[in-house]
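S.K.: Okay, here's the structure, questions in a sec.
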Amino acid sequence: MLEIENLTVSVEGKVVLENINLEIERGETRMLFGENGSGKTSLLMAIMGLGNYKVESGQIRFKGEDITDLPPYERAKRGIGIMFQRPPTIRGLKLKEMLELIENNGESPEELARKLNLSEFLERDVNMGFSGGELKKAELLQLIAQNPDLVLLDEPESGVDLVNISLIGTAIRELLQKDLHKSRMKGGLIITHSGYILDYVEADKGCVLVNKTIWCTGNPHEILQGIRERGYQACLTCQK
């Protein structure tokens with residue numbers, strides 16, 4: 001579904017990602033671990049084609065098509081959706097109106113909002129005065145409405161209290177079709193610093209982003225345990 005080959009990305013002339021290689025199959029969920037500031041968010045932004053993230057070399061292919069130079073809206077139309085860690089406030093646009101604009105799965109805004117206990121937020125401006133947990137739920141709500149084939153999640157557990165994390169985990173599992181097996185088609189890339197989201201969403205593979213590139217791929221629980229015991233810098237000497 002997603003193929004990234006030898007990708008190098010810069011922001012304002014500074015290289016933030018270097019020689020990234022990553023593949024995500026249909027139905028596969030990948031967990032990407034990394035320290036704060038390691039470039040995890042930069043990778044999601046580059047995949048989505050957002051901001052000042054300039055591809056210096058390499059390719060991004062989605063469903064076999066080279067999307068490296070496509071604008072964000074074309075990538076969204078092809079089936080890529082993103083959940084931001086710090087989404088912007090959109091004044092003058094109600095959350096209900098946003099859901100109506102992007103709705104792609106046949107459910108009404110009211111039906112969608114009930115899943116995440118956000119019914120009372122439908123008439124509020126998008127993200128206006130939302131708490132950390134409310135922001136995450138609103139981002140997920142829009143992703144569920146979009147119904148993308150590839151789901152990009154930027155630290156979905158950060159800033160979320162214990163009451164909401166289980167609800168968010170359930171919504172992510174539903175979005176990634178975790179209740180299906182042979183017929184699962186959606187791919188997912190979840191980035192995390194703490195690894196806490198693994199308690200709520202199972203991943204098929206894990207990998208680590210250190211020093212601007214991906215060093216290690218394997219069982220996500222084993223990788224997380226290694227990080228907890230030896231830290232991220234130990235990944236630089238890991239030969240697995």
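Just remember, in the structure tokens the first chain shown is A, the second B, etc., residues are 1-based per chain, and ligands are 1-based in the order shown.
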Need the shell around Gln225 (chain A): protein/DNA/RNA residues with any atom at most 12 Å away, counting only C-alpha atoms. Skip same-chain ones fewer than 2 positions apart. Format as a VMD selection string?
M.R.: chain A and resid 33 194 to 196 198 206 218 to 223 227 to 232 234 to 235
S.K.: Which parts of region 54-238 of chain A does DSSP call strand (DSSP E) when run on the backbone here, written out as number ranges by chain?
M.R.: A: 54-62, 65-66, 80-83, 90-94, 125-126, 150-154, 187-192, 205-210, 213-218
S.K.: For the atom pair CA of Gly58 (chain A) and CA of Glu5 (chain A), what is the interatomic distance in Å to one decimal place?
M.R.: 5.5 Å
S.K.: Tell me, as a PyMOL selection string, which residues lie within 12 Å of Asp161 (chain A), counting only C-alpha atoms; anything in the same chain fewer than 2 positions away does not count.
M.R.: chain A and resi 131-134+136-137+156-159+163-168+196
S.K.: Which residues are close to Glu35 (chain A), i.e. within 10 Å by only C-alpha atoms, leaving aside same-chain residues fewer than 5 positions away? Reply as number ranges by chain.
M.R.: A: 40, 192-194, 208-211, 231-233
S.K.: As number ranges by chain, please: the residues near Val55 (chain A) (cut-off 6 Å, only C-alpha atoms, same-chain neighbours under 2 positions excluded).
M.R.: A: 8-9, 57
S.K.: If we count only C-alpha atoms, what is near Thr89 (chain A) at a cut-off of 12 Å, once residues fewer than 4 positions away on the same chain are taken out, given as a ChimeraX atom specification?
M.R.: /A:84,93-95,124-131,135,138-139
S.K.: Keeping only C-alpha atoms, take the residues you just selected and write them out as a compact mmCIF listing (two decimals), in the first residue's frame.
M.R.:
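New file out_33.txt:
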```txt
# COMPACT_ATOMS: atom_id res chain seq x y z
CA PHE A 84 -2.30 15.62 13.79
CA LEU A 93 -16.30 26.25 10.66
CA LYS A 94 -18.43 24.02 12.86
CA LEU A 95 -17.32 20.46 13.53
CA ARG A 124 -18.61 24.31 18.08
CA ASP A 125 -15.87 25.66 15.82
CA VAL A 126 -13.35 22.97 14.93
CA ASN A 127 -10.90 22.55 17.84
CA MET A 128 -11.95 25.85 19.46
CA GLY A 129 -11.16 25.50 23.18
CA PHE A 130 -10.86 21.71 22.99
CA SER A 131 -8.82 19.90 25.65
CA LEU A 135 -8.65 17.32 20.17
CA ALA A 138 -12.18 15.28 17.08
CA GLU A 139 -9.25 14.32 14.84
```
S.K.: Do you know which residues are at most 8 Å from Gly79 (chain A) counting only C-alpha atoms, after dropping those on the same chain fewer than 3 positions away, and could you put them as a count of residues only?
M.R.: 6
S.K.: Taking into account only C-alpha atoms, which residue in the set A:Met98, A:Ile191, A:Ile4, A:Met31 is nearest to Lys205 (chain A)?
M.R.: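 The shortest atom-to-atom distance to Lys205 (chain A) comes from A:Met31.
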S.K.: Find the residue from A:Glu18, A:Glu25, A:Glu202, A:Glu155 that sits nearest to Met83 (chain A); use only C-alpha atoms when measuring.
M.R.: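 Counting only C-alpha atoms, the residue closest to Met83 (chain A) is A:Glu155.
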S.K.: Using only C-alpha atoms, which of A:Ile172, A:Ile102, A:Ile67, A:Ile82 sits nearest Leu116 (chain A)?
M.R.: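 Going through A:Ile172, A:Ile102, A:Ile67, A:Ile82 one by one, the smallest distance to Leu116 (chain A) is for A:Ile172.
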S.K.: Of the candidates A:Pro109, A:Gly49, A:Gly13, A:Gly27, which shows the shortest atom-to-atom distance to Lys182 (chain A), using only C-alpha atoms?
M.R.: A:Gly27
S.K.: For CA of Ser38 (chain A) and CA of Thr170 (chain A), quote the distance in Å rounded to one decimal.
M.R.: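 Rounded to one decimal, the two atoms are 27.8 Å apart.
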S.K.: To one decimal in Å, tell me the separation between CA of Glu103 (chain A) and CA of Ile90 (chain A).
M.R.: 17.8 Å
S.K.: Could you write out, as an NGL selection string, all the residues of region 24-200 of chain A that DSSP marks as alpha helix (DSSP H)?
M.R.: :A and (40-48 or 72-78 or 95-102 or 109-115 or 132-146 or 162-175)
S.K.: Taking C-alpha atoms for each residue, export the selection above as a compact mmCIF listing (two decimals), in the first residue's frame.
M.R.:
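Saved file again24.txt follows:
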```
# COMPACT_ATOMS: atom_id res chain seq x y z
CA LYS A 40 8.62 11.11 13.32
CA THR A 41 6.16 13.93 12.64
CA SER A 42 8.31 15.10 9.72
CA LEU A 43 7.85 11.69 8.12
CA LEU A 44 4.06 11.87 8.38
CA MET A 45 4.08 15.41 7.01
CA ALA A 46 6.23 14.31 4.07
CA ILE A 47 3.91 11.38 3.32
CA MET A 48 0.94 13.77 3.34
CA PRO A 72 -2.01 17.14 -0.09
CA TYR A 73 -5.59 17.23 -1.35
CA GLU A 74 -4.76 14.78 -4.14
CA ARG A 75 -3.19 12.41 -1.62
CA ALA A 76 -6.30 12.71 0.57
CA LYS A 77 -8.55 12.00 -2.43
CA ARG A 78 -6.54 8.86 -3.15
CA LEU A 95 -17.32 20.46 13.53
CA LYS A 96 -20.61 19.24 12.07
CA GLU A 97 -19.96 21.19 8.86
CA MET A 98 -16.47 19.70 8.62
CA LEU A 99 -17.88 16.19 8.93
CA GLU A 100 -20.47 16.92 6.24
CA LEU A 101 -17.73 18.16 3.89
CA ILE A 102 -15.56 15.06 4.22
CA PRO A 109 -22.40 13.57 11.79
CA GLU A 110 -24.68 12.75 14.72
CA GLU A 111 -24.08 9.00 14.36
CA LEU A 112 -20.34 9.50 14.08
CA ALA A 113 -20.14 11.89 17.04
CA ARG A 114 -21.93 9.47 19.35
CA LYS A 115 -19.12 6.93 18.89
CA GLY A 132 -6.04 17.48 24.68
CA GLY A 133 -8.35 14.47 24.75
CA GLU A 134 -11.11 16.33 22.90
CA LEU A 135 -8.65 17.32 20.17
CA LYS A 136 -7.64 13.69 19.69
CA LYS A 137 -11.24 12.54 19.54
CA ALA A 138 -12.18 15.28 17.08
CA GLU A 139 -9.25 14.32 14.84
CA LEU A 140 -10.33 10.67 14.96
CA LEU A 141 -13.91 11.65 14.26
CA GLN A 142 -12.83 13.37 11.04
CA LEU A 143 -10.72 10.36 10.04
CA ILE A 144 -13.65 8.00 10.59
CA ALA A 145 -15.78 10.28 8.40
CA GLN A 146 -13.10 10.36 5.70
CA LEU A 162 -7.09 7.49 31.27
CA VAL A 163 -10.83 7.93 30.77
CA ASN A 164 -10.49 8.82 27.08
CA ILE A 165 -7.54 6.65 26.03
CA SER A 166 -9.61 3.47 26.02
CA LEU A 167 -12.32 5.15 23.91
CA ILE A 168 -9.68 6.45 21.49
CA GLY A 169 -8.04 3.02 21.32
CA THR A 170 -11.39 1.43 20.46
CA ALA A 171 -12.00 4.01 17.72
CA ILE A 172 -8.54 3.42 16.23
CA ARG A 173 -9.04 -0.35 16.23
CA GLU A 174 -12.36 0.10 14.43
CA LEU A 175 -10.80 2.51 11.93
```
